[in-house]
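Here is the file data39.csv (CSV, C-alpha atoms).
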chain,number,residue,atom,x,y,z
A,22,MET,CA,84.2,118.4,74.7
A,23,THR,CA,86.3,115.3,75.3
A,24,LYS,CA,85.6,111.9,74.0
A,25,PRO,CA,84.9,109.2,76.6
A,26,SER,CA,87.4,106.5,77.1
A,27,VAL,CA,86.8,102.9,75.9
A,28,GLU,CA,86.5,101.7,79.5
A,29,GLU,CA,84.0,104.4,80.4
A,30,VAL,CA,81.8,103.5,77.3
A,31,GLU,CA,82.0,99.8,78.2
A,32,SER,CA,81.0,100.5,81.8
A,33,ARG,CA,78.1,102.8,80.9
A,34,LEU,CA,76.8,100.4,78.2
A,35,ALA,CA,76.0,98.0,81.1
A,36,GLU,CA,73.1,100.3,82.0
A,37,VAL,CA,71.1,99.2,78.9
A,38,ARG,CA,69.9,95.9,77.5
A,39,CYS,CA,70.9,94.1,74.3
A,40,ALA,CA,68.3,94.3,71.6
A,41,ILE,CA,68.6,90.5,70.9
A,42,CYS,CA,69.3,88.6,74.1
A,43,LYS,CA,68.4,91.4,76.7
A,44,GLY,CA,71.7,90.9,78.4
A,45,SER,CA,73.7,93.9,79.7
A,46,HIS,CA,77.4,92.9,79.2
A,47,PHE,CA,79.1,94.7,76.4
A,48,MET,CA,82.6,95.4,75.1
A,49,ILE,CA,84.0,97.7,72.4
A,50,ASP,CA,85.7,95.9,69.6
A,51,ARG,CA,88.9,97.9,69.5
A,52,ARG,CA,89.8,96.7,66.0
A,53,THR,CA,86.8,98.6,64.6
A,54,MET,CA,87.5,102.0,66.3
A,55,GLN,CA,87.4,104.7,63.6
A,56,PRO,CA,89.2,108.1,63.9
A,57,ASP,CA,85.8,109.8,63.4
A,58,GLY,CA,84.5,108.4,66.7
A,59,GLU,CA,82.5,105.5,65.4
A,60,TRP,CA,83.1,102.3,67.3
A,61,LYS,CA,81.4,98.9,67.3
A,62,GLY,CA,79.8,97.7,70.5
A,63,VAL,CA,79.5,93.9,71.0
A,64,CYS,CA,77.2,92.0,73.4
A,65,THR,CA,79.4,89.5,75.1
A,66,ALA,CA,76.5,87.0,75.5
A,67,CYS,CA,75.1,86.8,71.9
A,68,ARG,CA,77.8,88.6,69.9
A,69,TYR,CA,75.3,91.1,68.5
A,70,THR,CA,77.1,94.2,67.2
A,71,PHE,CA,75.9,97.8,67.0
A,72,PRO,CA,77.4,101.2,66.4
A,73,VAL,CA,78.5,103.5,69.2
A,74,TYR,CA,79.2,107.2,68.3
A,75,THR,CA,81.6,109.1,70.5
A,76,ASP,CA,82.2,112.3,68.5
A,77,MET,CA,79.4,114.4,70.0
A,78,GLU,CA,80.8,117.7,69.0
A,79,PHE,CA,80.3,116.9,65.3
A,80,TYR,CA,76.9,115.4,66.0
A,81,LEU,CA,75.7,118.4,67.9
A,82,ARG,CA,76.8,120.7,65.1
A,83,THR,CA,75.0,118.7,62.4
A,84,GLN,CA,71.8,118.1,64.4
A,85,PRO,CA,70.5,121.6,65.4
A,86,ASP,CA,67.5,120.3,67.4
A,87,ILE,CA,69.6,118.2,69.8
A,88,PRO,CA,71.2,121.1,71.9
A,89,TYR,CA,67.7,122.5,72.5
A,90,ARG,CA,66.4,119.1,73.6
A,91,LEU,CA,69.4,118.6,75.9
A,92,LYS,CA,68.6,121.9,77.7
A,93,GLU,CA,65.1,120.7,78.4
A,94,MET,CA,65.9,117.2,79.7
A,95,SER,CA,65.6,116.5,83.4
A,96,CYS,CA,68.0,114.6,85.5
A,97,PRO,CA,66.3,111.6,87.2
A,98,ALA,CA,68.4,112.1,90.3
A,99,CYS,CA,68.0,115.8,91.0
A,100,GLN,CA,65.3,116.9,88.5
A,101,HIS,CA,67.5,119.7,87.3
A,102,ARG,CA,67.1,120.6,83.6
A,103,GLY,CA,70.1,120.5,81.4
A,104,VAL,CA,72.3,117.6,80.5
A,105,THR,CA,75.4,117.0,78.4
A,106,LEU,CA,75.6,114.3,75.7
A,107,ASP,CA,78.6,112.0,76.4
A,108,PHE,CA,78.0,109.5,73.6
A,109,ARG,CA,75.2,107.6,71.8
A,110,ALA,CA,74.6,104.0,70.7
A,111,THR,CA,72.1,102.7,68.2
A,112,LEU,CA,71.2,99.3,69.8
A,113,SER,CA,68.7,98.5,67.0
A,114,VAL,CA,66.9,100.1,64.1
A,115,ARG,CA,64.2,101.3,66.5
A,116,GLU,CA,66.3,102.2,69.5
A,117,ALA,CA,69.0,104.8,69.9
A,118,ILE,CA,70.3,105.5,73.4
A,119,TYR,CA,71.9,108.8,74.6
A,120,PHE,CA,74.3,108.5,77.5
A,121,LEU,CA,74.0,111.8,79.4
A,122,THR,CA,75.5,113.6,82.4
A,123,CYS,CA,73.5,116.1,84.5
A,124,SER,CA,75.0,119.6,84.4
A,125,ALA,CA,74.1,120.2,88.1
A,126,CYS,CA,74.8,117.0,90.1
A,127,GLN,CA,77.0,115.1,87.5
A,128,HIS,CA,74.6,112.0,87.7
A,129,ARG,CA,75.2,109.8,84.6
A,130,PHE,CA,72.3,108.0,83.0
A,131,PRO,CA,71.0,106.6,79.7
A,132,GLU,CA,68.0,108.0,77.9
A,133,LYS,CA,66.1,106.5,75.0
A,134,SER,CA,66.2,109.0,72.1
A,135,SER,CA,62.9,110.4,71.1
A,136,LEU,CA,64.5,112.3,68.3
A,137,GLU,CA,65.8,109.4,66.2
A,138,ALA,CA,62.9,107.6,64.7
A,139,PHE,CA,63.8,104.9,62.3
A,140,GLU,CA,60.3,103.7,61.2
Could you quickly redo this structure as C-alpha cells?
Amino acid sequence: MTKPSVEEVESRLAEVRCAICKGSHFMIDRRTMQPDGEWKGVCTACRYTFPVYTDMEFYLRTQPDIPYRLKEMSCPACQHRGVTLDFRATLSVREAIYFLTCSACQHRFPEKSSLEAFE
C-alpha cells in the first residue's frame, strides 16, 4: 500500500467542502508533514487547518472494523462493492472523510465516514 503524493491529496481534497467557509480549495502545509503520515490540510480561503492521515496501512491494522466496511461499500460510478482507502481527513470534530478508490473501475471518490463518531 503506497502513500499518496502531496499533489494527489491536494487535488482530491477539492472534492469536499471546508467546515468553516464551505470553500473547496485546499493545500497541504509541507512544513507540518510528519514521518508517520500525519499532514496538515489548510483551506486557502479562510486558513482553517485540519489533519490529513496518509498512513492507511497502520490505520487498517489498528481499526479492525474498517476493512470489513470497505468490502461492503459501493462505488457510485459502477455500483461494484469493494473499495480501497487511499487517505482520510478529519475536516471537523463531527466529520471525517475517507478518500476511496473503487477496486473494479478505479473511480476515485470521497465518502463521509459513518464509523468515526465524535459526539
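Nearest to A:Gly58 of all the residues A:Thr111, A:Gln127, A:Thr75, A:Gln84 is A:Thr75, counting only C-alpha atoms.
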Give me, as a list in words, all polymer residues having an atom no more than 10 Å from A:Ala125, counting all atoms listed in the file and skipping those fewer than 6 positions away in the same chain.
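So, after excluding close chain neighbours, the residues are Cys96, Cys99, Gln100, His101, Arg102, Gly103 and Val104 of chain A.
Shortest separation to A:Glu132 among A:Val63, A:Met77, A:Ile87, A:Ile118 occurs at residue A:Ile118, atoms counted being only C-alpha atoms.
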Which residues, written as an MDAnalysis selection string, have at least one atom at most 6 Å from stretch 26-36 of chain A, with only C-alpha atoms counted and residues fewer than 5 positions away on the same chain left out?
chainID A and resid 45:46 48
Please indicate the distance in Å from atom CA of A:Tyr119 to atom CA of A:Asp107, rounded to one decimal place.
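Value for the atom CA of A:Tyr119-atom CA of A:Asp107 distance: 7.6 Å.
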Straight-line distance linking atom CA of A:Arg38 with atom CA of A:Arg109, stated in Å to one decimal:
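Atom-to-atom, atom CA of A:Arg38 to atom CA of A:Arg109, that is 14.1 Å.
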Report, in Å to a single decimal, how far apart atom CA of A:Lys133 and atom CA of A:Phe47 are.
17.6 Å
Find the spatial neighbours of A:Leu112, counting only C-alpha atoms, within a cut-off of 9 Å - ignore same-chain residues fewer than 2 positions away - and output them as a PDB file with C-alpha atoms, in the coordinates of the input.
ATOM      1  CA  ARG A  38      69.900  95.900  77.500  1.00  0.00           C
ATOM      2  CA  CYS A  39      70.900  94.100  74.300  1.00  0.00           C
ATOM      3  CA  ALA A  40      68.300  94.300  71.600  1.00  0.00           C
ATOM      4  CA  GLY A  62      79.800  97.700  70.500  1.00  0.00           C
ATOM      5  CA  THR A  70      77.100  94.200  67.200  1.00  0.00           C
ATOM      6  CA  PHE A  71      75.900  97.800  67.000  1.00  0.00           C
ATOM      7  CA  PRO A  72      77.400 101.200  66.400  1.00  0.00           C
ATOM      8  CA  VAL A  73      78.500 103.500  69.200  1.00  0.00           C
ATOM      9  CA  ALA A 110      74.600 104.000  70.700  1.00  0.00           C
ATOM     10  CA  VAL A 114      66.900 100.100  64.100  1.00  0.00           C
ATOM     11  CA  ARG A 115      64.200 101.300  66.500  1.00  0.00           C
ATOM     12  CA  GLU A 116      66.300 102.200  69.500  1.00  0.00           C
ATOM     13  CA  ALA A 117      69.000 104.800  69.900  1.00  0.00           C
ATOM     14  CA  ILE A 118      70.300 105.500  73.400  1.00  0.00           C
TER      15      ILE A 118
END
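Using only C-alpha atoms for every distance, the candidate list A:Asp76, A:Asp50, A:Asp57, A:Asp86 yields A:Asp76 as the residue closest to A:Leu106.
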Model the absent atoms of stretch 66-77 of chain A so that all heavy atoms are present, and write the result as a CSV table (one decimal), keeping the file's coordinate frame.
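Saved as part.csv:
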chain,number,residue,atom,x,y,z
A,66,ALA,N,77.3,88.3,75.4
A,66,ALA,CA,76.5,87.0,75.5
A,66,ALA,C,76.1,86.5,74.1
A,66,ALA,O,76.3,85.3,73.9
A,66,ALA,CB,75.3,87.3,76.3
A,67,CYS,N,75.6,87.3,73.2
A,67,CYS,CA,75.1,86.8,71.9
A,67,CYS,C,75.9,87.3,70.7
A,67,CYS,O,75.6,86.9,69.6
A,67,CYS,CB,73.6,87.1,71.8
A,67,CYS,SG,73.3,88.9,71.5
A,68,ARG,N,76.9,88.1,70.9
A,68,ARG,CA,77.8,88.6,69.9
A,68,ARG,C,77.2,89.6,69.0
A,68,ARG,O,77.7,89.9,67.9
A,68,ARG,CB,78.5,87.5,69.1
A,68,ARG,CG,79.2,86.4,69.9
A,68,ARG,CD,80.2,86.9,70.9
A,68,ARG,NE,81.4,87.5,70.2
A,68,ARG,CZ,82.3,88.2,70.8
A,68,ARG,NH1,82.2,88.5,72.1
A,68,ARG,NH2,83.3,88.7,70.1
A,69,TYR,N,76.0,90.1,69.3
A,69,TYR,CA,75.3,91.1,68.5
A,69,TYR,C,76.2,92.4,68.5
A,69,TYR,O,76.7,92.8,69.5
A,69,TYR,CB,73.9,91.4,69.1
A,69,TYR,CG,73.2,92.6,68.4
A,69,TYR,CD1,72.7,92.5,67.2
A,69,TYR,CD2,73.0,93.8,69.1
A,69,TYR,CE1,72.0,93.5,66.6
A,69,TYR,CE2,72.3,94.8,68.5
A,69,TYR,CZ,71.8,94.7,67.2
A,69,TYR,OH,71.2,95.7,66.7
A,70,THR,N,76.3,93.0,67.3
A,70,THR,CA,77.1,94.2,67.2
A,70,THR,C,76.2,95.4,66.8
A,70,THR,O,75.2,95.3,66.1
A,70,THR,CB,78.3,94.1,66.2
A,70,THR,OG1,77.7,93.9,64.9
A,70,THR,CG2,79.2,93.0,66.5
A,71,PHE,N,76.6,96.6,67.3
A,71,PHE,CA,75.9,97.8,67.0
A,71,PHE,C,76.8,99.0,67.1
A,71,PHE,O,77.9,98.9,67.7
A,71,PHE,CB,74.8,98.0,68.1
A,71,PHE,CG,75.3,97.9,69.5
A,71,PHE,CD1,75.7,99.1,70.2
A,71,PHE,CD2,75.4,96.7,70.2
A,71,PHE,CE1,76.2,99.1,71.5
A,71,PHE,CE2,75.9,96.7,71.5
A,71,PHE,CZ,76.3,97.9,72.1
A,72,PRO,N,76.5,100.1,66.4
A,72,PRO,CA,77.4,101.2,66.4
A,72,PRO,C,77.3,102.1,67.7
A,72,PRO,O,76.2,102.2,68.2
A,72,PRO,CB,76.9,102.1,65.2
A,72,PRO,CG,75.5,101.7,65.0
A,72,PRO,CD,75.4,100.2,65.5
A,73,VAL,N,78.4,102.6,68.1
A,73,VAL,CA,78.5,103.5,69.2
A,73,VAL,C,79.2,104.8,68.6
A,73,VAL,O,80.3,104.6,67.9
A,73,VAL,CB,79.4,102.9,70.3
A,73,VAL,CG1,79.6,104.0,71.4
A,73,VAL,CG2,78.7,101.7,70.9
A,74,TYR,N,78.7,105.9,68.9
A,74,TYR,CA,79.2,107.2,68.3
A,74,TYR,C,79.8,108.0,69.5
A,74,TYR,O,79.0,108.3,70.4
A,74,TYR,CB,78.2,107.9,67.6
A,74,TYR,CG,77.5,107.1,66.5
A,74,TYR,CD1,76.3,106.4,66.7
A,74,TYR,CD2,78.1,107.0,65.2
A,74,TYR,CE1,75.8,105.7,65.7
A,74,TYR,CE2,77.6,106.2,64.2
A,74,TYR,CZ,76.4,105.6,64.5
A,74,TYR,OH,75.8,104.8,63.5
A,75,THR,N,81.0,108.4,69.4
A,75,THR,CA,81.6,109.1,70.5
A,75,THR,C,82.0,110.6,70.2
A,75,THR,O,82.3,111.4,71.0
A,75,THR,CB,82.9,108.4,71.0
A,75,THR,OG1,83.8,108.3,69.9
A,75,THR,CG2,82.6,107.0,71.5
A,76,ASP,N,81.9,111.0,68.9
A,76,ASP,CA,82.2,112.3,68.5
A,76,ASP,C,80.9,113.2,68.6
A,76,ASP,O,80.2,113.4,67.6
A,76,ASP,CB,82.8,112.4,67.1
A,76,ASP,CG,83.2,113.8,66.7
A,76,ASP,OD1,83.0,114.7,67.5
A,76,ASP,OD2,83.8,113.9,65.6
A,77,MET,N,80.6,113.6,69.8
A,77,MET,CA,79.4,114.4,70.0
A,77,MET,C,79.5,115.8,69.5
A,77,MET,O,78.5,116.4,69.2
A,77,MET,CB,79.0,114.3,71.5
A,77,MET,CG,78.6,112.9,71.9
A,77,MET,SD,77.2,112.2,70.9
A,77,MET,CE,77.9,111.3,69.6
